[in-house]
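Next up, query.pdb (PDB, C-alpha atoms and all ligand atoms):
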```pdb
ATOM      1  CA  MET A1277       0.000   0.000   0.000
ATOM      2  CA  SER A1278       1.295   3.413  -0.881
ATOM      3  CA  SER A1279       0.018   5.085   2.295
ATOM      4  CA  ASP A1280       3.382   4.274   3.877
ATOM      5  CA  PRO A1281       4.887   7.694   4.688
ATOM      6  CA  ARG A1282       8.304   6.382   3.596
ATOM      7  CA  ASP A1283       6.973   5.697   0.102
ATOM      8  CA  GLN A1284       5.716   9.245  -0.096
ATOM      9  CA  GLU A1285       9.024  10.559   1.163
ATOM     10  CA  ILE A1286      10.898   8.548  -1.469
ATOM     11  CA  THR A1287       8.609   9.846  -4.217
ATOM     12  CA  GLU A1288       9.184  13.418  -3.060
ATOM     13  CA  LEU A1289      12.929  12.922  -2.855
ATOM     14  CA  LYS A1290      12.999  11.452  -6.365
ATOM     15  CA  ALA A1291      11.073  14.433  -7.692
ATOM     16  CA  ARG A1292      13.528  16.742  -5.932
ATOM     17  CA  ILE A1293      16.505  14.941  -7.441
ATOM     18  CA  ARG A1294      14.938  15.257 -10.889
ATOM     19  CA  ARG A1295      14.417  19.002 -10.427
ATOM     20  CA  LEU A1296      18.004  19.420  -9.210
ATOM     21  CA  GLU A1297      19.308  17.472 -12.205
ATOM     22  CA  GLU A1298      17.378  19.737 -14.541
ATOM     23  CA  THR A1299      18.765  22.842 -12.826
ATOM     24  CA  LEU A1300      22.261  21.393 -13.030
ATOM     25  CA  ALA A1301      21.963  20.611 -16.743
ATOM     26  CA  ASP A1302      20.614  24.085 -17.353
ATOM     27  CA  SER A1303      23.337  25.922 -15.484
ATOM     28  CA  GLN A1304      26.071  23.788 -17.051
ATOM     29  CA  SER A1305      24.795  24.603 -20.503
ATOM     30  CA  LEU A1306      24.676  28.306 -19.609
ATOM     31  CA  THR A1307      28.279  28.087 -18.419
ATOM     32  CA  ALA A1308      29.221  26.593 -21.762
ATOM     33  CA  VAL A1309      27.494  29.415 -23.608
ATOM     34  CA  GLY A1310      29.369  31.899 -21.402
ATOM     35  CA  GLU A1311      32.681  30.213 -22.122
ATOM     36  CA  LEU A1312      31.927  30.240 -25.809
ATOM     37  CA  ALA A1313      31.095  33.927 -25.682
ATOM     38  CA  GLY A1314      34.570  34.526 -24.220
ATOM     39  CA  THR A1315      36.274  32.325 -26.784
ATOM     40  CA  THR A1316      34.345  33.965 -29.595
ATOM     41  CA  ALA A1317      35.310  37.466 -28.469
ATOM     42  CA  HIS A1318      39.017  36.511 -28.483
ATOM     43  CA  GLU A1319      38.699  34.816 -31.814
ATOM     44  CA  PHE A1320      36.989  37.848 -33.312
ATOM     45  CA  ASN A1321      39.664  40.121 -32.007
ATOM     46  CA  ASN A1322      42.257  38.008 -33.822
ATOM     47  CA  ILE A1323      40.238  37.989 -37.004
ATOM     48  CA  LEU A1324      39.800  41.768 -36.898
ATOM     49  CA  THR A1325      43.506  42.389 -36.307
ATOM     50  CA  LEU A1326      44.296  40.170 -39.276
ATOM     51  CA  THR A1327      41.699  41.864 -41.496
ATOM     52  CA  ILE A1328      42.858  45.368 -40.570
ATOM     53  CA  ASN A1329      46.503  44.536 -41.220
ATOM     54  CA  TYR A1330      45.839  42.958 -44.600
ATOM     55  CA  ALA A1331      43.533  45.814 -45.627
ATOM     56  CA  ARG A1332      46.387  48.221 -44.788
ATOM     57  CA  MET A1333      48.841  46.089 -46.734
ATOM     58  CA  GLY A1334      46.510  46.054 -49.763
ATOM     59  CA  LEU A1335      46.169  49.834 -49.649
ATOM     60  CA  ARG A1336      49.899  50.402 -49.281
ATOM     61  CA  HIS A1337      51.034  48.121 -52.097
ATOM     62  CA  LYS A1338      49.523  48.706 -55.503
ATOM     63  CA  ASP A1339      50.816  45.589 -57.274
ATOM     64  CA  ASP A1340      48.265  42.911 -58.160
ATOM     65  CA  GLU A1341      50.081  40.097 -56.428
ATOM     66  CA  THR A1342      50.153  41.790 -53.027
ATOM     67  CA  ARG A1343      46.577  43.001 -53.381
ATOM     68  CA  ASP A1344      45.354  39.488 -54.314
ATOM     69  CA  LYS A1345      47.157  38.093 -51.324
ATOM     70  CA  ALA A1346      45.588  40.725 -49.064
ATOM     71  CA  PHE A1347      42.096  40.085 -50.439
ATOM     72  CA  ASN A1348      42.495  36.322 -50.044
ATOM     73  CA  LYS A1349      43.609  36.692 -46.431
ATOM     74  CA  ILE A1350      40.680  39.018 -45.722
ATOM     75  CA  LEU A1351      38.289  36.576 -47.378
ATOM     76  CA  ASP A1352      39.630  33.612 -45.361
ATOM     77  CA  ALA A1353      39.364  35.554 -42.121
ATOM     78  CA  SER A1354      35.829  36.728 -42.901
ATOM     79  CA  ASN A1355      34.716  33.228 -43.840
ATOM     80  CA  ARG A1356      36.074  31.951 -40.572
ATOM     81  CA  ALA A1357      34.248  34.706 -38.687
ATOM     82  CA  ALA A1358      31.001  33.854 -40.495
ATOM     83  CA  LYS A1359      31.407  30.193 -39.632
ATOM     84  CA  ILE A1360      32.006  30.933 -35.962
ATOM     85  CA  VAL A1361      28.961  33.178 -35.799
ATOM     86  CA  GLY A1362      26.930  30.391 -37.398
ATOM     87  CA  VAL A1363      28.038  27.886 -34.783
ATOM     88  CA  VAL A1364      27.440  30.210 -31.833
ATOM     89  CA  LEU A1365      24.006  31.223 -33.109
ATOM     90  CA  GLY A1366      23.213  27.568 -33.713
ATOM     91  CA  LEU A1367      24.179  26.718 -30.152
ATOM     92  CA  ALA A1368      22.106  29.538 -28.721
ATOM     93  CA  ARG A1369      19.101  28.688 -30.888
ATOM     94  CA  ASN A1370      19.400  24.977 -30.296
ATOM     95  CA  ARG A1371      18.634  25.064 -26.593
ATOM     96  CA  LYS A1372      15.267  23.385 -26.908
ATOM     97  CA  PRO A1373      14.971  19.915 -25.402
ATOM     98  CA  GLY A1374      13.785  17.930 -28.452
ATOM     99  CA  ARG A1375      15.795  15.358 -30.392
ATOM    100  CA  GLN A1376      16.184  15.407 -34.147
ATOM    101  CA  PRO A1377      18.080  13.337 -36.697
ATOM    102  CA  THR A1378      21.533  14.844 -36.263
ATOM    103  CA  ASP A1379      24.723  14.718 -38.298
ATOM    104  CA  VAL A1380      27.413  13.700 -35.820
ATOM    105  CA  THR A1381      30.329  14.786 -37.987
ATOM    106  CA  SER A1382      29.262  18.413 -38.285
ATOM    107  CA  LEU A1383      28.385  18.452 -34.591
ATOM    108  CA  VAL A1384      31.920  17.327 -33.732
ATOM    109  CA  GLU A1385      33.466  19.756 -36.246
ATOM    110  CA  ASP A1386      31.524  22.661 -34.710
ATOM    111  CA  VAL A1387      32.783  21.811 -31.233
ATOM    112  CA  LEU A1388      36.361  21.475 -32.475
ATOM    113  CA  LEU A1389      36.087  24.842 -34.176
ATOM    114  CA  LEU A1390      34.865  26.448 -30.969
ATOM    115  CA  LEU A1391      37.641  24.875 -28.914
ATOM    116  CA  GLU A1392      40.357  25.328 -31.540
ATOM    117  CA  ARG A1393      41.800  28.402 -29.929
ATOM    118  CA  GLU A1394      41.904  26.865 -26.475
ATOM    119  CA  LEU A1395      43.467  23.626 -27.733
ATOM    120  CA  THR A1396      46.095  25.488 -29.749
ATOM    121  CA  LYS A1397      46.919  27.628 -26.736
ATOM    122  CA  TYR A1398      47.685  24.490 -24.722
ATOM    123  CA  ARG A1399      49.645  22.986 -27.651
ATOM    124  CA  ILE A1400      47.187  20.201 -28.258
ATOM    125  CA  SER A1401      46.671  18.876 -31.750
ATOM    126  CA  VAL A1402      43.561  17.005 -32.791
ATOM    127  CA  GLU A1403      43.648  14.017 -35.083
ATOM    128  CA  ARG A1404      40.297  13.385 -36.770
ATOM    129  CA  LYS A1405      39.380   9.803 -37.672
ATOM    130  CA  PHE A1406      35.901  10.165 -39.070
ATOM    131  CA  GLU A1407      34.145   7.274 -40.781
ATOM    132  CA  PRO A1408      30.873   7.909 -42.616
ATOM    133  CA  VAL A1409      27.906   7.335 -40.294
ATOM    134  CA  LYS A1410      24.136   7.684 -40.440
ATOM    135  CA  PRO A1411      22.343  10.463 -38.517
ATOM    136  CA  VAL A1412      21.696   9.853 -34.805
ATOM    137  CA  LEU A1413      18.611  10.831 -32.835
ATOM    138  CA  ALA A1414      19.944  13.560 -30.604
ATOM    139  CA  ASN A1415      19.689  16.970 -29.110
ATOM    140  CA  GLY A1416      22.649  18.573 -30.829
ATOM    141  CA  ASN A1417      23.212  21.153 -28.137
ATOM    142  CA  GLN A1418      23.366  18.568 -25.366
ATOM    143  CA  ILE A1419      25.743  16.307 -27.280
ATOM    144  CA  GLN A1420      27.986  19.300 -27.970
ATOM    145  CA  GLN A1421      27.922  19.949 -24.243
ATOM    146  CA  VAL A1422      29.112  16.373 -23.644
ATOM    147  CA  LEU A1423      31.896  16.749 -26.207
ATOM    148  CA  ILE A1424      33.047  20.069 -24.739
ATOM    149  CA  ASN A1425      33.261  18.466 -21.266
ATOM    150  CA  LEU A1426      35.249  15.494 -22.599
ATOM    151  CA  LEU A1427      37.617  17.634 -24.671
ATOM    152  CA  VAL A1428      38.277  20.077 -21.838
ATOM    153  CA  ASN A1429      38.958  17.150 -19.476
ATOM    154  CA  ALA A1430      41.341  15.682 -22.060
ATOM    155  CA  ARG A1431      43.112  19.010 -22.415
ATOM    156  CA  GLN A1432      43.408  19.380 -18.643
ATOM    157  CA  ALA A1433      44.837  15.847 -18.414
ATOM    158  CA  SER A1434      47.573  16.788 -20.909
ATOM    159  CA  PRO A1435      49.525  19.462 -19.018
ATOM    160  CA  ASN A1436      52.440  19.317 -21.467
ATOM    161  CA  GLY A1437      50.274  19.504 -24.540
ATOM    162  CA  GLY A1438      50.177  16.622 -26.992
ATOM    163  CA  ARG A1439      47.746  14.785 -29.119
ATOM    164  CA  LEU A1440      44.026  13.999 -29.020
ATOM    165  CA  ILE A1441      42.232  11.583 -31.286
ATOM    166  CA  VAL A1442      38.576  12.141 -32.071
ATOM    167  CA  LYS A1443      36.927   9.204 -33.791
ATOM    168  CA  ILE A1444      33.487   8.763 -35.289
ATOM    169  CA  ARG A1445      32.461   5.304 -36.444
ATOM    170  CA  PRO A1446      29.534   2.939 -36.738
ATOM    171  CA  CYS A1447      29.237   0.820 -33.581
ATOM    172  CA  GLU A1448      30.852  -2.596 -34.095
ATOM    173  CA  GLU A1449      28.503  -4.459 -31.746
ATOM    174  CA  SER A1450      25.214  -3.101 -33.026
ATOM    175  CA  ASN A1451      24.501  -1.397 -36.335
ATOM    176  CA  GLN A1452      21.836   0.709 -34.607
ATOM    177  CA  TYR A1453      24.426   2.935 -32.923
ATOM    178  CA  VAL A1454      27.156   5.421 -33.737
ATOM    179  CA  GLU A1455      30.224   5.883 -31.579
ATOM    180  CA  ILE A1456      32.171   9.050 -30.829
ATOM    181  CA  ILE A1457      35.516   8.473 -29.147
ATOM    182  CA  VAL A1458      37.669  11.105 -27.466
ATOM    183  CA  ARG A1459      41.122   9.764 -26.702
ATOM    184  CA  ASP A1460      43.936  11.588 -24.962
ATOM    185  CA  PHE A1461      47.509  10.624 -24.160
ATOM    186  CA  GLY A1462      47.532  12.443 -20.847
ATOM    187  CA  THR A1463      47.914  11.464 -17.201
ATOM    188  CA  GLY A1464      45.356   8.648 -17.219
ATOM    189  CA  ILE A1465      43.099   7.723 -14.307
ATOM    190  CA  PRO A1466      44.189   5.301 -11.567
ATOM    191  CA  GLN A1467      42.145   2.081 -11.473
ATOM    192  CA  GLU A1468      40.750   2.800  -8.003
ATOM    193  CA  LYS A1469      39.431   6.207  -9.080
ATOM    194  CA  LEU A1470      37.704   5.035 -12.257
ATOM    195  CA  PRO A1471      34.471   3.901 -10.521
ATOM    196  CA  HIS A1472      33.964   7.422  -9.118
ATOM    197  CA  ILE A1473      34.586   9.724 -12.060
ATOM    198  CA  PHE A1474      30.935   9.813 -13.143
ATOM    199  CA  ASP A1475      29.764  10.704  -9.608
ATOM    200  CA  ALA A1476      28.508  14.255  -9.185
ATOM    201  CA  PHE A1477      31.037  16.450  -7.329
ATOM    202  CA  TYR A1478      33.858  13.935  -7.713
ATOM    203  CA  THR A1479      36.954  15.842  -8.747
ATOM    204  CA  THR A1480      40.708  15.526  -8.348
ATOM    205  CA  LYS A1481      41.272  19.123  -9.477
ATOM    206  CA  GLN A1482      42.188  21.836  -7.013
ATOM    207  CA  GLY A1483      39.765  24.248  -8.612
ATOM    208  CA  PRO A1484      39.116  25.970 -11.929
ATOM    209  CA  ASP A1485      42.198  26.490 -14.121
ATOM    210  CA  GLU A1486      43.149  29.871 -15.572
ATOM    211  CA  THR A1487      40.409  29.540 -18.197
ATOM    212  CA  GLY A1488      37.866  29.072 -15.398
ATOM    213  CA  LYS A1489      37.241  25.439 -16.256
ATOM    214  CA  GLY A1490      37.306  22.269 -14.173
ATOM    215  CA  GLY A1491      37.070  21.496 -10.509
ATOM    216  CA  SER A1492      33.348  21.261  -9.904
ATOM    217  CA  GLY A1493      33.184  17.525 -10.517
ATOM    218  CA  LEU A1494      29.943  17.860 -12.437
ATOM    219  CA  GLY A1495      31.169  17.530 -16.022
ATOM    220  CA  LEU A1496      31.138  13.749 -16.350
ATOM    221  CA  ALA A1497      28.019  13.350 -14.203
ATOM    222  CA  LEU A1498      26.221  15.557 -16.687
ATOM    223  CA  CYS A1499      27.751  13.719 -19.677
ATOM    224  CA  LYS A1500      26.461  10.414 -18.307
ATOM    225  CA  LYS A1501      23.010  11.820 -17.656
ATOM    226  CA  ILE A1502      22.714  13.360 -21.118
ATOM    227  CA  VAL A1503      23.967  10.252 -22.920
ATOM    228  CA  GLU A1504      21.724   7.910 -20.914
ATOM    229  CA  ASP A1505      18.724  10.194 -21.489
ATOM    230  CA  HIS A1506      19.467   9.627 -25.178
ATOM    231  CA  SER A1507      19.279   5.829 -24.573
ATOM    232  CA  GLY A1508      22.994   5.785 -25.230
ATOM    233  CA  LYS A1509      26.045   4.670 -23.283
ATOM    234  CA  ILE A1510      29.248   6.289 -22.123
ATOM    235  CA  ARG A1511      32.305   4.174 -21.308
ATOM    236  CA  VAL A1512      35.833   4.909 -20.236
ATOM    237  CA  LYS A1513      39.152   3.120 -20.574
ATOM    238  CA  SER A1514      42.217   4.523 -18.944
ATOM    239  CA  SER A1515      45.738   3.646 -18.051
ATOM    240  CA  VAL A1516      48.002   5.742 -15.864
ATOM    241  CA  GLY A1517      50.732   7.458 -17.846
ATOM    242  CA  LYS A1518      49.227   6.327 -21.157
ATOM    243  CA  GLY A1519      45.985   8.218 -21.383
ATOM    244  CA  THR A1520      42.249   7.904 -21.407
ATOM    245  CA  SER A1521      39.545   7.232 -23.916
ATOM    246  CA  PHE A1522      35.855   7.974 -23.580
ATOM    247  CA  THR A1523      33.356   6.327 -25.912
ATOM    248  CA  ILE A1524      29.856   7.685 -26.376
ATOM    249  CA  ARG A1525      27.351   5.460 -28.115
ATOM    250  CA  LEU A1526      24.256   7.108 -29.586
ATOM    251  CA  PRO A1527      21.261   5.490 -31.287
ATOM    252  CA  LEU A1528      20.617   6.057 -34.989
ATOM    253  CA  ALA A1529      17.637   8.173 -35.946
ATOM    254  CA  PRO A1530      14.795   5.948 -37.144
ATOM    255  CA  THR A1531      14.613   5.726 -40.913
ATOM    256  CA  THR A1532      11.310   6.426 -42.656
ATOM    257  CA  ASN A1533      10.686   2.672 -42.951
ATOM    258  CA  ASP A1534      11.100   2.130 -39.210
ATOM    259  CA  GLU A1535       8.581   4.838 -38.493
ATOM    260  CA  GLU A1536       5.814   3.174 -40.435
TER     261      GLU A1536
HETATM  262  N1  LIG B1601      40.576  12.678 -19.766
HETATM  263  C1  LIG B1601      40.843  12.534 -18.457
HETATM  264  N2  LIG B1601      42.089  12.195 -18.043
HETATM  265  C2  LIG B1601      42.363  12.045 -16.726
HETATM  266  N3  LIG B1601      41.456  12.210 -15.728
HETATM  267  C3  LIG B1601      40.203  12.545 -16.080
HETATM  268  C4  LIG B1601      39.825  12.729 -17.456
HETATM  269  N4  LIG B1601      38.508  13.049 -17.491
HETATM  270  C5  LIG B1601      38.093  13.067 -16.210
HETATM  271  N5  LIG B1601      39.098  12.780 -15.346
HETATM  272  C6  LIG B1601      39.003  12.669 -13.877
HETATM  273  O1  LIG B1601      37.646  12.594 -13.503
HETATM  274  C7  LIG B1601      37.317  13.644 -12.598
HETATM  275  C8  LIG B1601      35.880  14.085 -12.821
HETATM  276  O2  LIG B1601      35.764  14.755 -14.092
HETATM  277  P1  LIG B1601      34.616  15.831 -14.277
HETATM  278  O3  LIG B1601      34.710  16.365 -15.645
HETATM  279  O4  LIG B1601      33.331  15.226 -13.846
HETATM  280  O5  LIG B1601      34.975  16.944 -13.210
HETATM  281  P2  LIG B1601      36.090  18.077 -13.262
HETATM  282  O6  LIG B1601      36.717  18.127 -14.599
HETATM  283  O7  LIG B1601      36.990  17.844 -12.103
HETATM  284  O8  LIG B1601      35.226  19.398 -13.017
HETATM  285  P3  LIG B1601      34.107  20.049 -14.008
HETATM  286  O9  LIG B1601      32.785  19.608 -13.480
HETATM  287  O10 LIG B1601      34.301  21.487 -13.863
HETATM  288  O11 LIG B1601      34.359  19.481 -15.357
HETATM  289  C9  LIG B1601      38.361  14.709 -12.858
HETATM  290  O12 LIG B1601      38.546  15.548 -11.735
HETATM  291  C10 LIG B1601      39.596  13.873 -13.162
HETATM  292  O13 LIG B1601      40.186  13.388 -11.987
HETATM  293 MG    MG B1602      35.559  18.269 -16.358
END
```
Is it possible to express this structure as structure tokens?
Ligand SMILES: Nc1ncnc2c1ncn2[C@@H]1O[C@H](COP(=O)(O)OP(=O)(O)OP(=O)(O)O)[C@@H](O)[C@H]1O
Ligand SMILES: [Mg+2]
Amino acid sequence: MSSDPRDQEITELKARIRRLEETLADSQSLTAVGELAGTTAHEFNNILTLTINYARMGLRHKDDETRDKAFNKILDASNRAAKIVGVVLGLARNRKPGRQPTDVTSLVEDVLLLLERELTKYRISVERKFEPVKPVLANGNQIQQVLINLLVNARQASPNGGRLIVKIRPCEESNQYVEIIVRDFGTGIPQEKLPHIFDAFYTTKQGPDETGKGGSGLGLALCKKIVEDHSGKIRVKSSVGKGTSFTIRLPLAPTTNDEE
């Protein structure tokens, strides 16, 4: 019988946990937007400096070759600016909770573009190993959030810079899933700590780094929640001194046939 006061208490506590999880997801995604705003401002400053200098060069030198070079540099910089604006606007617009058929490759590319500056600053190069995959059923904004958390963790685990591998591939075990893998060659995670890394508030970091990231212990907890809400899976493999790899598995979007 459900008149047991403990049952009621449990129901209330569960509802409270759910509300807290929603608040957490919301504030994490706002933090990401804030971080991106900062990154974007820096990036734009660079682009403007470049554009101004090449415009000056084009005005100073009248020969065709120099002018063509200046115009091409200005065009490249402007295209890059337009692309960044597109991604940021997309992120801001895409904050609704629904899931759509989503192209994983462009999602990953957008995140890498947004983090490019940060990764370069910490001397981290990204190796892309993208296989062709079908669209997944996902909330693009939330999956980008997951990828940002994983990439920032990977960067923070590589204090001397280094290499990251980002892989996209069809899942080998089931053809109904796509896998995204983020692999670093950083510090690795000791075996006894691995069971805790997805726990909320579990962190080994002293606090936020100079970019204001890390140390709350919420990143992976949120990643797990988002991926599992998508009926997906997140797994980790790690070895101290060798590095860490996170695999996210996401379900394919139903094809028109499946929907019938
Ligand atoms: N790629 C990685 N390499 C090594 N350790 C990692 C890696 N990713 C996560 N960890 C470990 O797992 C812990 C939890 O990660 P999580 O992202 O949840 O929190 P955080 O990075 O400490 O803080 P934040 O919530 O701000 O991201 C980290 O403190 C770190 O010890
Ligand atoms: Mg983190």
Just want the residues within 7 Å of ligand MG 1602 (chain B), written as an mmCIF file with C-alpha atoms, keeping the file's coordinate frame, counting all atoms listed in the file.
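Listed below is the output, out04.cif:
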```
data_model
loop_
_atom_site.group_PDB
_atom_site.id
_atom_site.type_symbol
_atom_site.label_atom_id
_atom_site.label_comp_id
_atom_site.auth_asym_id
_atom_site.auth_seq_id
_atom_site.Cartn_x
_atom_site.Cartn_y
_atom_site.Cartn_z
ATOM 1 C CA ASN A 1425 33.261 18.466 -21.266
ATOM 2 C CA LEU A 1426 35.249 15.494 -22.599
ATOM 3 C CA VAL A 1428 38.277 20.077 -21.838
ATOM 4 C CA ASN A 1429 38.958 17.150 -19.476
ATOM 5 C CA GLY A 1490 37.306 22.269 -14.173
ATOM 6 C CA GLY A 1491 37.070 21.496 -10.509
ATOM 7 C CA GLY A 1493 33.184 17.525 -10.517
ATOM 8 C CA LEU A 1494 29.943 17.860 -12.437
ATOM 9 C CA GLY A 1495 31.169 17.530 -16.022
ATOM 10 C CA LEU A 1496 31.138 13.749 -16.350
#
```
Here atom CA of A:Val1409 and atom CA of A:Leu1391 stand apart by 23.1 Å
Proximity of chain A to ligand LIG 1601 (chain B): per-residue shortest pair, 8 Å limit, all atoms listed in the file, as CSV:
```
residue,atom,partner,partner_atom,distance
A:Asn1425,CA,B:LIG1601,O11,6.1
A:Leu1426,CA,B:LIG1601,N4,6.5
A:Leu1427,CA,B:LIG1601,N1,7.6
A:Val1428,CA,B:LIG1601,O11,7.6
A:Asn1429,CA,B:LIG1601,N4,4.6
A:Ala1430,CA,B:LIG1601,N1,3.9
A:Arg1431,CA,B:LIG1601,N1,7.3
A:Gln1432,CA,B:LIG1601,C1,7.3
A:Ala1433,CA,B:LIG1601,N2,4.6
A:Ser1434,CA,B:LIG1601,N2,7.7
A:Arg1459,CA,B:LIG1601,N1,7.5
A:Asp1460,CA,B:LIG1601,N1,6.3
A:Gly1462,CA,B:LIG1601,N2,6.1
A:Thr1463,CA,B:LIG1601,C2,5.6
A:Gly1464,CA,B:LIG1601,C2,4.6
A:Ile1465,CA,B:LIG1601,N3,5.0
A:Lys1469,CA,B:LIG1601,O13,7.8
A:Leu1470,CA,B:LIG1601,O1,7.7
A:His1472,CA,B:LIG1601,O1,7.7
A:Ile1473,CA,B:LIG1601,O1,4.4
A:Phe1474,CA,B:LIG1601,O4,6.0
A:Asp1475,CA,B:LIG1601,O4,7.2
A:Ala1476,CA,B:LIG1601,O4,6.8
A:Phe1477,CA,B:LIG1601,O4,7.0
A:Tyr1478,CA,B:LIG1601,C8,5.5
A:Thr1479,CA,B:LIG1601,O12,3.4
A:Thr1480,CA,B:LIG1601,O12,4.0
A:Lys1481,CA,B:LIG1601,O12,5.0
A:Gly1483,CA,B:LIG1601,O7,7.8
A:Pro1484,CA,B:LIG1601,O10,6.9
A:Lys1489,CA,B:LIG1601,O10,5.5
A:Gly1490,CA,B:LIG1601,O10,3.1
A:Gly1491,CA,B:LIG1601,O8,3.8
A:Ser1492,CA,B:LIG1601,O9,4.0
A:Gly1493,CA,B:LIG1601,O5,3.3
A:Leu1494,CA,B:LIG1601,O9,3.5
A:Gly1495,CA,B:LIG1601,O9,3.7
A:Leu1496,CA,B:LIG1601,O4,3.6
A:Ala1497,CA,B:LIG1601,O4,5.6
A:Leu1498,CA,B:LIG1601,O4,7.7
A:Ser1514,CA,B:LIG1601,N2,7.7
A:Gly1519,CA,B:LIG1601,N2,6.5
A:Thr1520,CA,B:LIG1601,N1,5.3
A:Ser1521,CA,B:LIG1601,N1,6.9
A:Phe1522,CA,B:LIG1601,N1,7.7
```
Excluding same-chain residues fewer than 2 positions from A:Thr1523, what lies within 10 Å of it counting all atoms listed in the file, as an mmCIF file with C-alpha atoms, in the coordinates of the input?
```
data_model
loop_
_atom_site.group_PDB
_atom_site.id
_atom_site.type_symbol
_atom_site.label_atom_id
_atom_site.label_comp_id
_atom_site.auth_asym_id
_atom_site.auth_seq_id
_atom_site.Cartn_x
_atom_site.Cartn_y
_atom_site.Cartn_z
ATOM 1 C CA LEU A 1426 35.249 15.494 -22.599
ATOM 2 C CA VAL A 1442 38.576 12.141 -32.071
ATOM 3 C CA LYS A 1443 36.927 9.204 -33.791
ATOM 4 C CA ILE A 1444 33.487 8.763 -35.289
ATOM 5 C CA GLU A 1455 30.224 5.883 -31.579
ATOM 6 C CA ILE A 1456 32.171 9.050 -30.829
ATOM 7 C CA ILE A 1457 35.516 8.473 -29.147
ATOM 8 C CA VAL A 1458 37.669 11.105 -27.466
ATOM 9 C CA ARG A 1459 41.122 9.764 -26.702
ATOM 10 C CA LYS A 1509 26.045 4.670 -23.283
ATOM 11 C CA ILE A 1510 29.248 6.289 -22.123
ATOM 12 C CA ARG A 1511 32.305 4.174 -21.308
ATOM 13 C CA VAL A 1512 35.833 4.909 -20.236
ATOM 14 C CA LYS A 1513 39.152 3.120 -20.574
ATOM 15 C CA SER A 1521 39.545 7.232 -23.916
ATOM 16 C CA ARG A 1525 27.351 5.460 -28.115
ATOM 17 C CA LEU A 1526 24.256 7.108 -29.586
#
```
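In terms of minimum interatomic distance to A:Val1387, A:Gly1416 ranks closest within A:Gly1416, A:Gly1437, A:Pro1408, A:Pro1466, counting only C-alpha atoms.
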Residue members of the PyMOL selection byres (((chain A and resi 1322-1324) around 12) and not hetatm) in the file shown, as JSON, numbers by chain: {"A": [1315, 1316, 1317, 1318, 1319, 1320, 1321, 1325, 1326, 1327, 1328, 1329, 1330, 1331, 1349, 1350, 1351, 1352, 1353, 1354, 1355, 1356, 1357, 1358, 1360, 1393]}
Under the rule that only C-alpha atoms are counted, which of A:Ser1515, A:Asn1348, A:Val1361, A:Asn1415 is the nearest residue to A:Pro1377? A:Asn1415
As a check of understanding, name the residues that the PyMOL selection byres (((chain A and resi 1453) around 8) and not hetatm) selects in the supplied structure, as a PyMOL selection string. chain A and resi 1412+1446-1447+1450-1452+1454-1455+1525-1528
